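Novice: Structure file protein_1.cif, mmCIF, C-alpha atoms (C1' of nucleotides), is pasted below:
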```
data_work
#
loop_
_atom_site.group_PDB
_atom_site.id
_atom_site.type_symbol
_atom_site.label_atom_id
_atom_site.label_comp_id
_atom_site.auth_asym_id
_atom_site.auth_seq_id
_atom_site.Cartn_x
_atom_site.Cartn_y
_atom_site.Cartn_z
ATOM 1 C CA MET A 1 -45.408 -89.115 109.417
ATOM 2 C CA THR A 2 -44.498 -91.432 112.248
ATOM 3 C CA GLY A 3 -46.939 -91.123 115.132
ATOM 4 C CA ASN A 4 -49.422 -89.120 113.090
ATOM 5 C CA SER A 5 -52.708 -90.292 111.696
ATOM 6 C CA ILE A 6 -53.639 -89.853 108.074
ATOM 7 C CA VAL A 7 -56.738 -87.679 108.310
ATOM 8 C CA ARG A 8 -57.425 -87.582 104.594
ATOM 9 C CA THR A 9 -55.671 -88.564 101.372
ATOM 10 C CA GLU A 10 -56.050 -86.394 98.299
ATOM 11 C CA LEU A 11 -55.463 -88.137 94.988
ATOM 12 C CA ARG A 12 -55.027 -85.650 92.197
ATOM 13 C CA ARG A 13 -55.172 -88.380 89.546
ATOM 14 C CA LYS A 14 -56.304 -91.968 89.509
ATOM 15 C CA ASP A 15 -52.986 -93.526 88.573
ATOM 16 C CA LEU A 16 -49.251 -93.119 88.620
ATOM 17 C CA ARG A 17 -47.452 -95.897 86.829
ATOM 18 C CA PHE A 18 -50.297 -98.180 87.903
ATOM 19 C CA PRO A 19 -53.807 -97.328 89.058
ATOM 20 C CA PHE A 20 -54.202 -96.716 92.774
ATOM 21 C CA PRO A 21 -56.134 -99.521 94.460
ATOM 22 C CA PRO A 22 -59.853 -98.696 94.359
ATOM 23 C CA ASP A 23 -60.163 -98.244 98.136
ATOM 24 C CA PHE A 24 -56.822 -96.457 98.544
ATOM 25 C CA SER A 25 -57.955 -93.310 100.375
ATOM 26 C CA GLU A 26 -60.541 -95.149 102.461
ATOM 27 C CA ARG A 27 -58.053 -97.700 103.753
ATOM 28 C CA LEU A 28 -55.725 -94.933 104.908
ATOM 29 C CA ALA A 29 -58.369 -92.723 106.496
ATOM 30 C CA GLY A 30 -57.887 -92.378 110.257
ATOM 31 C CA ARG A 31 -54.970 -94.810 110.332
ATOM 32 C CA ARG A 32 -51.984 -94.039 112.505
ATOM 33 C CA VAL A 33 -48.501 -94.436 110.998
ATOM 34 C CA GLU A 34 -46.631 -96.634 113.455
ATOM 35 C CA ALA A 35 -43.297 -96.843 111.671
ATOM 36 C CA LEU A 36 -41.571 -96.074 108.399
ATOM 37 C CA GLY A 37 -39.262 -98.557 106.766
ATOM 38 C CA ARG A 38 -37.776 -99.713 103.517
ATOM 39 C CA ARG A 39 -37.284 -102.941 101.599
ATOM 40 C CA ALA A 40 -35.307 -102.844 98.358
ATOM 41 C CA LYS A 41 -36.347 -99.576 96.680
ATOM 42 C CA TYR A 42 -39.796 -99.603 98.266
ATOM 43 C CA LEU A 43 -40.736 -97.270 101.108
ATOM 44 C CA LEU A 44 -43.045 -98.806 103.700
ATOM 45 C CA ALA A 45 -45.393 -97.136 106.141
ATOM 46 C CA ASP A 46 -46.767 -99.484 108.791
ATOM 47 C CA LEU A 47 -50.319 -98.587 109.757
ATOM 48 C CA ASP A 48 -52.228 -99.443 112.918
ATOM 49 C CA SER A 49 -54.770 -101.354 110.825
ATOM 50 C CA GLY A 50 -52.229 -104.023 109.907
ATOM 51 C CA ASP A 51 -51.909 -102.574 106.423
ATOM 52 C CA VAL A 52 -48.639 -101.398 104.926
ATOM 53 C CA LEU A 53 -48.593 -98.430 102.574
ATOM 54 C CA VAL A 54 -46.014 -99.310 99.908
ATOM 55 C CA MET A 55 -44.457 -96.477 97.903
ATOM 56 C CA HIS A 56 -41.921 -96.441 95.074
ATOM 57 C CA LEU A 57 -40.362 -93.237 93.754
ATOM 58 C CA GLY A 58 -39.578 -94.525 90.266
ATOM 59 C CA MET A 59 -37.101 -92.207 88.557
ATOM 60 C CA SER A 60 -38.388 -88.776 89.484
ATOM 61 C CA GLY A 61 -40.614 -89.171 92.519
ATOM 62 C CA SER A 62 -40.145 -87.188 95.719
ATOM 63 C CA PHE A 63 -41.915 -86.390 98.961
ATOM 64 C CA ARG A 64 -42.031 -83.052 100.679
ATOM 65 C CA VAL A 65 -43.435 -81.885 103.980
ATOM 66 C CA ALA A 66 -45.931 -79.086 103.562
ATOM 67 C CA GLY A 67 -48.705 -77.308 105.405
ATOM 68 C CA ALA A 68 -52.333 -77.896 104.578
ATOM 69 C CA ASN A 69 -53.364 -76.700 101.118
ATOM 70 C CA SER A 70 -56.507 -75.007 102.365
ATOM 71 C CA GLY A 71 -54.975 -73.122 105.262
ATOM 72 C CA ASP A 72 -55.762 -74.897 108.479
ATOM 73 C CA VAL A 73 -56.051 -74.325 112.186
ATOM 74 C CA ARG A 74 -55.522 -77.217 114.547
ATOM 75 C CA GLN A 75 -54.874 -77.056 118.250
ATOM 76 C CA GLY A 76 -54.583 -73.295 118.002
ATOM 77 C CA PHE A 77 -51.781 -73.282 115.430
ATOM 78 C CA HIS A 78 -52.428 -71.753 112.044
ATOM 79 C CA TYR A 79 -50.663 -73.596 109.262
ATOM 80 C CA PRO A 80 -50.036 -71.505 106.168
ATOM 81 C CA ARG A 81 -51.673 -72.340 102.882
ATOM 82 C CA SER A 82 -49.373 -74.471 100.775
ATOM 83 C CA LYS A 83 -49.370 -74.201 96.992
ATOM 84 C CA ILE A 84 -50.020 -77.139 94.743
ATOM 85 C CA GLU A 85 -47.132 -77.575 92.333
ATOM 86 C CA ALA A 86 -46.939 -79.188 88.932
ATOM 87 C CA HIS A 87 -46.944 -82.989 89.239
ATOM 88 C CA ASP A 88 -48.181 -83.093 92.808
ATOM 89 C CA HIS A 89 -50.195 -86.314 92.660
ATOM 90 C CA VAL A 90 -50.868 -87.356 96.246
ATOM 91 C CA ARG A 91 -51.280 -85.407 99.452
ATOM 92 C CA PHE A 92 -51.543 -87.063 102.852
ATOM 93 C CA HIS A 93 -53.170 -84.729 105.396
ATOM 94 C CA LEU A 94 -51.813 -85.608 108.824
ATOM 95 C CA SER A 95 -53.358 -85.197 112.242
ATOM 96 C CA ASP A 96 -50.762 -82.590 113.287
ATOM 97 C CA GLY A 97 -51.943 -80.284 110.491
ATOM 98 C CA GLN A 98 -49.009 -80.827 108.193
ATOM 99 C CA SER A 99 -49.225 -82.711 104.956
ATOM 100 C CA ILE A 100 -46.911 -84.939 102.964
ATOM 101 C CA VAL A 101 -46.955 -84.374 99.213
ATOM 102 C CA TYR A 102 -45.850 -86.882 96.592
ATOM 103 C CA ASN A 103 -44.577 -85.230 93.414
ATOM 104 C CA ASP A 104 -43.510 -87.233 90.364
ATOM 105 C CA PRO A 105 -43.120 -85.644 86.911
ATOM 106 C CA ARG A 106 -42.534 -88.884 85.035
ATOM 107 C CA ARG A 107 -45.048 -90.922 87.047
ATOM 108 C CA PHE A 108 -42.874 -94.029 87.062
ATOM 109 C CA GLY A 109 -43.513 -94.292 90.786
ATOM 110 C CA PHE A 110 -46.486 -96.045 92.331
ATOM 111 C CA MET A 111 -48.254 -96.800 95.589
ATOM 112 C CA ASP A 112 -50.117 -99.797 96.886
ATOM 113 C CA ILE A 113 -51.548 -101.094 100.138
ATOM 114 C CA VAL A 114 -50.717 -104.603 101.294
ATOM 115 C CA ARG A 115 -51.615 -106.549 104.437
ATOM 116 C CA ARG A 116 -48.531 -106.702 106.653
ATOM 117 C CA SER A 117 -48.914 -110.472 106.957
ATOM 118 C CA ASP A 118 -48.970 -110.817 103.162
ATOM 119 C CA LEU A 119 -46.067 -108.494 102.477
ATOM 120 C CA HIS A 120 -43.339 -111.064 101.902
ATOM 121 C CA ALA A 121 -45.527 -113.176 99.652
ATOM 122 C CA HIS A 122 -46.760 -110.169 97.702
ATOM 123 C CA LYS A 123 -45.656 -110.106 94.089
ATOM 124 C CA LEU A 124 -43.663 -106.921 94.591
ATOM 125 C CA PHE A 125 -41.555 -108.635 97.243
ATOM 126 C CA ALA A 126 -41.720 -112.355 96.539
ATOM 127 C CA ASN A 127 -38.841 -112.233 94.063
ATOM 128 C CA VAL A 128 -36.839 -109.403 95.521
ATOM 129 C CA GLY A 129 -33.169 -110.095 96.207
ATOM 130 C CA ILE A 130 -30.934 -109.547 99.218
ATOM 131 C CA GLU A 131 -30.089 -106.208 100.773
ATOM 132 C CA PRO A 132 -26.633 -105.103 99.595
ATOM 133 C CA LEU A 133 -25.796 -103.637 103.004
ATOM 134 C CA GLY A 134 -26.959 -106.701 104.917
ATOM 135 C CA ASN A 135 -24.936 -109.684 106.061
ATOM 136 C CA GLU A 136 -25.985 -111.922 103.196
ATOM 137 C CA LEU A 137 -23.874 -110.128 100.609
ATOM 138 C CA ASP A 138 -20.497 -111.795 100.339
ATOM 139 C CA ASP A 139 -18.390 -113.469 97.667
ATOM 140 C CA GLU A 140 -20.028 -116.821 98.269
ATOM 141 C CA PHE A 141 -23.450 -115.349 97.589
ATOM 142 C CA LEU A 142 -22.185 -113.657 94.423
ATOM 143 C CA ALA A 143 -20.584 -116.869 93.208
ATOM 144 C CA GLY A 144 -23.915 -118.641 93.557
ATOM 145 C CA ALA A 145 -25.745 -115.826 91.817
ATOM 146 C CA PHE A 146 -23.289 -115.589 88.906
ATOM 147 C CA ARG A 147 -22.756 -119.302 88.359
ATOM 148 C CA GLY A 148 -23.733 -120.393 84.866
ATOM 149 C CA LYS A 149 -25.099 -116.967 83.913
ATOM 150 C CA LYS A 150 -24.356 -115.746 80.433
ATOM 151 C CA ALA A 151 -25.914 -112.345 81.009
ATOM 152 C CA PRO A 152 -23.460 -109.446 81.224
ATOM 153 C CA LEU A 153 -22.216 -108.613 84.691
ATOM 154 C CA LYS A 154 -23.845 -105.188 84.461
ATOM 155 C CA ALA A 155 -27.286 -106.717 83.877
ATOM 156 C CA VAL A 156 -26.893 -109.208 86.715
ATOM 157 C CA LEU A 157 -25.919 -106.543 89.251
ATOM 158 C CA LEU A 158 -28.857 -104.380 88.154
ATOM 159 C CA ASP A 159 -31.261 -107.302 88.528
ATOM 160 C CA GLN A 160 -33.313 -106.540 91.647
ATOM 161 C CA ARG A 161 -34.173 -110.232 92.046
ATOM 162 C CA ILE A 162 -30.561 -110.924 92.982
ATOM 163 C CA ILE A 163 -29.412 -107.849 94.874
ATOM 164 C CA ALA A 164 -32.155 -105.353 95.616
ATOM 165 C CA GLY A 165 -31.170 -101.720 95.608
ATOM 166 C CA LEU A 166 -28.333 -101.276 93.137
ATOM 167 C CA GLY A 167 -29.214 -98.757 90.440
ATOM 168 C CA ASN A 168 -27.507 -97.764 87.230
ATOM 169 C CA ILE A 169 -25.108 -95.231 88.751
ATOM 170 C CA TYR A 170 -23.916 -97.479 91.535
ATOM 171 C CA VAL A 171 -23.427 -100.524 89.337
ATOM 172 C CA CYS A 172 -21.283 -98.499 86.919
ATOM 173 C CA GLU A 173 -19.215 -97.019 89.731
ATOM 174 C CA THR A 174 -18.826 -100.391 91.455
ATOM 175 C CA LEU A 175 -17.581 -102.150 88.333
ATOM 176 C CA HIS A 176 -14.999 -99.461 87.724
ATOM 177 C CA ARG A 177 -13.705 -99.578 91.294
ATOM 178 C CA ALA A 178 -13.571 -103.369 91.070
ATOM 179 C CA GLY A 179 -11.781 -103.331 87.693
ATOM 180 C CA LEU A 180 -14.424 -105.570 86.116
ATOM 181 C CA SER A 181 -15.910 -105.187 82.652
ATOM 182 C CA PRO A 182 -19.672 -104.643 82.541
ATOM 183 C CA ARG A 183 -19.755 -106.737 79.347
ATOM 184 C CA ARG A 184 -18.214 -109.877 80.771
ATOM 185 C CA ALA A 185 -20.627 -112.790 81.177
ATOM 186 C CA ALA A 186 -21.286 -113.054 84.914
ATOM 187 C CA GLY A 187 -20.626 -116.794 84.900
ATOM 188 C CA THR A 188 -17.014 -116.261 83.830
ATOM 189 C CA LEU A 189 -16.278 -114.922 87.317
ATOM 190 C CA VAL A 190 -16.999 -118.295 88.893
ATOM 191 C CA ARG A 191 -14.390 -121.058 88.976
ATOM 192 C CA LYS A 192 -15.254 -124.689 88.270
ATOM 193 C CA GLU A 193 -15.311 -125.523 91.963
ATOM 194 C CA GLY A 194 -17.892 -122.806 92.492
ATOM 195 C CA ARG A 195 -15.812 -120.089 94.122
ATOM 196 C CA LEU A 196 -15.496 -116.549 92.868
ATOM 197 C CA SER A 197 -12.407 -115.956 90.701
ATOM 198 C CA SER A 198 -9.618 -113.817 92.102
ATOM 199 C CA ARG A 199 -10.554 -110.972 89.743
ATOM 200 C CA ALA A 200 -13.940 -110.728 91.438
ATOM 201 C CA CYS A 201 -12.950 -111.421 95.015
ATOM 202 C CA LYS A 202 -13.310 -107.805 96.078
ATOM 203 C CA LEU A 203 -16.682 -107.285 94.436
ATOM 204 C CA ALA A 204 -18.918 -107.715 97.477
ATOM 205 C CA ALA A 205 -16.774 -105.320 99.504
ATOM 206 C CA THR A 206 -16.703 -102.862 96.603
ATOM 207 C CA ILE A 207 -20.494 -102.834 96.288
ATOM 208 C CA ARG A 208 -20.743 -102.061 99.970
ATOM 209 C CA SER A 209 -18.166 -99.294 99.901
ATOM 210 C CA VAL A 210 -19.734 -97.564 96.892
ATOM 211 C CA LEU A 211 -23.116 -97.522 98.618
ATOM 212 C CA GLU A 212 -21.662 -96.383 101.928
ATOM 213 C CA ASP A 213 -19.741 -93.580 100.225
ATOM 214 C CA ALA A 214 -22.807 -92.519 98.280
ATOM 215 C CA ILE A 215 -24.987 -92.467 101.370
ATOM 216 C CA ALA A 216 -22.361 -90.492 103.294
ATOM 217 C CA ALA A 217 -22.337 -87.979 100.413
ATOM 218 C CA GLY A 218 -26.112 -87.593 100.561
ATOM 219 C CA GLY A 219 -26.690 -89.512 97.332
ATOM 220 C CA SER A 220 -26.370 -88.358 93.728
ATOM 221 C CA THR A 221 -28.273 -85.288 92.589
ATOM 222 C CA LEU A 222 -28.540 -85.490 88.821
ATOM 223 C CA ARG A 223 -31.696 -83.421 88.796
ATOM 224 C CA ASP A 224 -34.434 -84.156 91.303
ATOM 225 C CA HIS A 225 -32.833 -85.842 94.285
ATOM 226 C CA ARG A 226 -32.644 -83.760 97.457
ATOM 227 C CA LEU A 227 -31.868 -84.501 101.076
ATOM 228 C CA THR A 228 -34.698 -84.068 103.523
ATOM 229 C CA ASP A 229 -33.527 -80.527 104.303
ATOM 230 C CA GLY A 230 -33.650 -79.608 100.610
ATOM 231 C CA SER A 231 -29.888 -79.622 100.071
ATOM 232 C CA LEU A 232 -28.169 -81.429 97.210
ATOM 233 C CA GLY A 233 -26.350 -84.732 97.365
ATOM 234 C CA TYR A 234 -22.745 -84.544 96.230
ATOM 235 C CA PHE A 235 -21.757 -88.081 95.312
ATOM 236 C CA GLN A 236 -22.105 -87.012 91.648
ATOM 237 C CA HIS A 237 -18.932 -84.943 92.101
ATOM 238 C CA THR A 238 -17.002 -88.119 92.784
ATOM 239 C CA PHE A 239 -18.271 -90.189 89.829
ATOM 240 C CA ARG A 240 -15.369 -91.956 88.170
ATOM 241 C CA VAL A 241 -17.328 -93.230 85.164
ATOM 242 C CA TYR A 242 -21.032 -92.383 85.325
ATOM 243 C CA ASP A 243 -21.756 -89.575 82.836
ATOM 244 C CA GLN A 244 -18.010 -89.170 82.249
ATOM 245 C CA GLU A 245 -17.909 -90.286 78.594
ATOM 246 C CA GLY A 246 -14.725 -89.051 76.910
ATOM 247 C CA GLU A 247 -12.968 -88.198 80.163
ATOM 248 C CA PRO A 248 -9.652 -89.821 81.014
ATOM 249 C CA CYS A 249 -9.832 -92.815 83.338
ATOM 250 C CA GLN A 250 -8.649 -91.887 86.826
ATOM 251 C CA ALA A 251 -7.547 -95.337 87.896
ATOM 252 C CA PRO A 252 -3.890 -95.259 88.973
ATOM 253 C CA GLY A 253 -1.629 -95.858 85.983
ATOM 254 C CA CYS A 254 -4.525 -96.211 83.533
ATOM 255 C CA THR A 255 -4.408 -94.165 80.325
ATOM 256 C CA GLY A 256 -7.841 -95.250 79.093
ATOM 257 C CA THR A 257 -10.862 -93.102 78.251
ATOM 258 C CA ILE A 258 -14.340 -93.537 79.683
ATOM 259 C CA ARG A 259 -16.793 -94.933 77.155
ATOM 260 C CA ARG A 260 -20.563 -95.131 77.003
ATOM 261 C CA ILE A 261 -22.376 -98.185 75.674
ATOM 262 C CA VAL A 262 -25.978 -99.355 75.916
ATOM 263 C CA GLN A 263 -26.797 -102.572 77.757
ATOM 264 C CA SER A 264 -30.360 -103.785 78.160
ATOM 265 C CA GLY A 265 -31.539 -100.382 76.997
ATOM 266 C CA ARG A 266 -29.611 -98.370 79.560
ATOM 267 C CA SER A 267 -26.332 -96.476 79.515
ATOM 268 C CA THR A 268 -23.239 -98.148 80.837
ATOM 269 C CA PHE A 269 -20.121 -96.077 81.487
ATOM 270 C CA PHE A 270 -16.789 -97.835 81.855
ATOM 271 C CA CYS A 271 -13.116 -97.828 81.030
ATOM 272 C CA GLY A 272 -12.350 -100.394 78.343
ATOM 273 C CA SER A 273 -8.712 -100.320 79.349
ATOM 274 C CA CYS A 274 -8.630 -101.158 83.074
ATOM 275 C CA GLN A 275 -11.987 -102.955 83.449
ATOM 276 C CA LYS A 276 -11.456 -106.554 82.379
ATOM 277 C "C1'" DC B 1 -36.174 -120.317 82.195
ATOM 278 C "C1'" DG B 2 -32.732 -116.730 80.637
ATOM 279 C "C1'" DC B 3 -32.007 -112.892 78.216
ATOM 280 C "C1'" DA B 4 -32.941 -108.737 75.170
ATOM 281 C "C1'" DT B 5 -35.977 -105.213 73.617
ATOM 282 C "C1'" DC B 6 -39.467 -102.055 74.064
ATOM 283 C "C1'" DC B 7 -42.294 -99.171 76.620
ATOM 284 C "C1'" DC B 8 -44.414 -96.183 80.285
ATOM 285 C "C1'" DC B 9 -43.940 -90.388 81.034
ATOM 286 C "C1'" DT B 10 -42.259 -85.551 81.261
ATOM 287 C "C1'" DG B 11 -38.563 -82.402 80.951
ATOM 288 C "C1'" DC B 12 -34.243 -80.861 79.601
ATOM 289 C "C1'" DC B 13 -30.391 -80.446 76.562
ATOM 290 C "C1'" DT B 14 -28.177 -80.476 72.047
ATOM 291 C "C1'" DG B 15 -27.867 -79.606 67.309
ATOM 292 C "C1'" DC B 16 -29.776 -77.852 63.217
ATOM 293 C "C1'" DT C 1 -36.398 -68.784 68.329
ATOM 294 C "C1'" DG C 2 -38.384 -73.185 67.207
ATOM 295 C "C1'" DC C 3 -38.300 -77.891 66.536
ATOM 296 C "C1'" DA C 4 -36.699 -82.777 66.322
ATOM 297 C "C1'" DG C 5 -34.164 -86.150 68.515
ATOM 298 C "C1'" DG C 6 -31.853 -88.166 72.270
ATOM 299 C "C1'" DC C 7 -31.468 -88.964 76.930
ATOM 300 C "C1'" DA C 8 -32.647 -89.556 82.118
ATOM 301 C "C1'" DG C 9 -31.920 -92.362 88.506
ATOM 302 C "C1'" DG C 10 -36.688 -97.980 87.375
ATOM 303 C "C1'" DG C 11 -38.846 -101.867 86.143
ATOM 304 C "C1'" DG C 12 -42.931 -104.457 83.947
ATOM 305 C "C1'" DA C 13 -44.563 -106.810 79.630
ATOM 306 C "C1'" DT C 14 -43.446 -109.296 75.785
ATOM 307 C "C1'" DG C 15 -41.093 -112.328 72.693
ATOM 308 C "C1'" DC C 16 -37.353 -115.172 71.269
#
```
Before anything else, please render the file you have as structure tokens.

Specialist:
Amino acid sequence: MTGNSIVRTELRRKDLRFPFPPDFSERLAGRRVEALGRRAKYLLADLDSGDVLVMHLGMSGSFRVAGANSGDVRQGFHYPRSKIEAHDHVRFHLSDGQSIVYNDPRRFGFMDIVRRSDLHAHKLFANVGIEPLGNELDDEFLAGAFRGKKAPLKAVLLDQRIIAGLGNIYVCETLHRAGLSPRRAAGTLVRKEGRLSSRACKLAATIRSVLEDAIAAGGSTLRDHRLTDGSLGYFQHTFRVYDQEGEPCQAPGCTGTIRRIVQSGRSTFFCGSCQK
DNA sequence: CGCATCCCCTGCCTGC
DNA sequence: TGCAGGCAGGGGATGC
């Protein structure tokens, strides 16, 4: 997309999780994409109008690069007709003749357009937490975030207002690697003087290493996720707890069995024996 | 405010 | 084979 203009935007329905803004297609028409970026789990396309196209994939959203869906000739090159597939909801026709298609079976994703200057104050971003791979994440930050909290550790790590970007898989895997119980009240990891307890002192580093490993593995393909070349991620082959209910715990010396419980409506996988 | 529950939606898998 | 129920990577709305 970068460097191209959006010639036309085809909306195949009027909403995803939320309605598209009323002037969605018009505000994109003719705009050049200057850069692509990301904040938390939101994808950002900077436009030459000063607008930012904000996109969230939800659970099942994906983008693919395709030709035009009508067959198209631009600058002497004939782009083949590209089929519309089930759950194709948005198609951006680009100035180079290709198109970018957003597909999302469950429609938990959404898109919005925000003025660049308003982005940080926008309600999607105003309460968003720190980047887990940035410099702000350390034990001191975690101590401050956990202090006094009675919510389970699992829920606190999943809370995007604290750390933005950890999802269910990566929280489960992190807590197992760190030997911490997802059920423990987060505040119990903070000592009276406000420092993180010794049990939790590797947590920030563990979060980072789980994410780095997952990224190096191309992510986790449970069903929909693909790399940009269409290949599968393979971090799922290294899960120690996620979706491993009933399997023996692989922690050195541990004889426990991986369990599944439900916390705040979502599955948690953990070893009740070595995660304290 | 903090926390838990429910819900949005489609598709896939399991068990009967 | 068909059908009901449960579950899925996220997160907003609601209610206590």

Novice: Could I get the residues of chain C with an atom no further than 10 Å from an atom of chain A, each paired with its nearest atom pair and that distance in Å to one decimal, using all atoms listed in the file, sorted by chain and residue number, as a tab-separated table?

Specialist:
```
residue	atom	partner	partner_atom	distance
C:DC7	C1'	A:Ser267	CA	9.5
C:DA8	C1'	A:Met59	CA	8.3
C:DG9	C1'	A:Met59	CA	5.2
C:DG10	C1'	A:Gly58	CA	5.4
C:DG11	C1'	A:Gly58	CA	8.5
```

Novice: Mind giving me the straight-line distance from CA of Cys249 (chain A) to C1' of DG6 (chain C) in Å, one decimal?

Specialist: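 Distance between the two atoms: 25.1 Å.
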
Novice: If I put a ball of radius 9 Å at (-47.4, -84.7, 88.1) in the file's coordinates, which residues poke into it when counting all atoms listed in the file, written as a ChimeraX atom specification?

Specialist: /A:12-13,16,85-89,102-107 /B:10

Novice: Which residues come within 10 Å of Lys202 (chain A), counting all atoms listed in the file, excluding same-chain residues fewer than 3 positions away, as a list in words?

Specialist: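 Listed by chain and then number, they are Asp138, Asp139, Arg177, Ala178, Gly179, Leu196, Ser197, Ser198, Arg199, Ala205, Thr206 and Ile207 of chain A.
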
Novice: I need the contact residues of chain B against chain A, so if you could list those with any atom within 7 Å, counting only C-alpha atoms (C1' of nucleotides), and return them as a PyMOL selection string, that would help.

Specialist: chain B and resi 3-4+9-10

Novice: How many Å lie between C1' of DC13 (chain B) and CA of Glu173 (chain A), rounded to one decimal?

Specialist: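 Computed distance, C1' of DC13 (chain B) to CA of Glu173 (chain A), equals 23.9 Å.
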
Novice: Can you pull out the residues contacting Arg161 (chain A)? Cut-off 12 Å, using all atoms listed in the file, and skip same-chain residues under 6 positions away; I want them as an NGL selection string.

Specialist: (:A and (40-41 or 123-132 or 145 or 155)) or (:C and (11))

Novice: Those selected residues, please, written with C-alpha atoms (C1' of nucleotides) and delivered as an mmCIF file, in the coordinates of the input.

Specialist:
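Okay, selection-v3.cif is ready:
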```cif
data_model
loop_
_atom_site.group_PDB
_atom_site.id
_atom_site.type_symbol
_atom_site.label_atom_id
_atom_site.label_comp_id
_atom_site.auth_asym_id
_atom_site.auth_seq_id
_atom_site.Cartn_x
_atom_site.Cartn_y
_atom_site.Cartn_z
ATOM 1 C CA ALA A 40 -35.307 -102.844 98.358
ATOM 2 C CA LYS A 41 -36.347 -99.576 96.680
ATOM 3 C CA LYS A 123 -45.656 -110.106 94.089
ATOM 4 C CA LEU A 124 -43.663 -106.921 94.591
ATOM 5 C CA PHE A 125 -41.555 -108.635 97.243
ATOM 6 C CA ALA A 126 -41.720 -112.355 96.539
ATOM 7 C CA ASN A 127 -38.841 -112.233 94.063
ATOM 8 C CA VAL A 128 -36.839 -109.403 95.521
ATOM 9 C CA GLY A 129 -33.169 -110.095 96.207
ATOM 10 C CA ILE A 130 -30.934 -109.547 99.218
ATOM 11 C CA GLU A 131 -30.089 -106.208 100.773
ATOM 12 C CA PRO A 132 -26.633 -105.103 99.595
ATOM 13 C CA ALA A 145 -25.745 -115.826 91.817
ATOM 14 C CA ALA A 155 -27.286 -106.717 83.877
ATOM 15 C "C1'" DG C 11 -38.846 -101.867 86.143
#
```

Novice: What does the PyMOL selection byres ((chain A and resi 44-50) around 6) select in this file, as a list in words?

Specialist: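 The output of the PyMOL selection byres ((chain A and resi 44-50) around 6) on this file is Arg31, Arg32, Val33, Glu34, Ala35, Leu36, Gly37, Arg38, Leu43, Asp51, Val52, Leu53, Val54 and Arg116 of chain A.
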
Novice: For the structure shown, which residues end up in the PyMOL selection byres ((chain A and resi 254) around 12)? Put them as a PyMOL selection string, please?

Specialist: chain A and resi 176+179+248-253+255-258+271-275

Novice: Taking the file as I've supplied it (selection: the PyMOL selection byres ((chain B and resi 16) around 10)), which residues are included? Please answer as an mmCIF file with C-alpha atoms (C1' of nucleotides), keeping the file's coordinate frame.

Specialist:
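What ended up in selection-v7.cif:
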```
data_model
loop_
_atom_site.group_PDB
_atom_site.id
_atom_site.type_symbol
_atom_site.label_atom_id
_atom_site.label_comp_id
_atom_site.auth_asym_id
_atom_site.auth_seq_id
_atom_site.Cartn_x
_atom_site.Cartn_y
_atom_site.Cartn_z
ATOM 1 C "C1'" DT B 14 -28.177 -80.476 72.047
ATOM 2 C "C1'" DG B 15 -27.867 -79.606 67.309
ATOM 3 C "C1'" DC C 3 -38.300 -77.891 66.536
ATOM 4 C "C1'" DA C 4 -36.699 -82.777 66.322
#
```
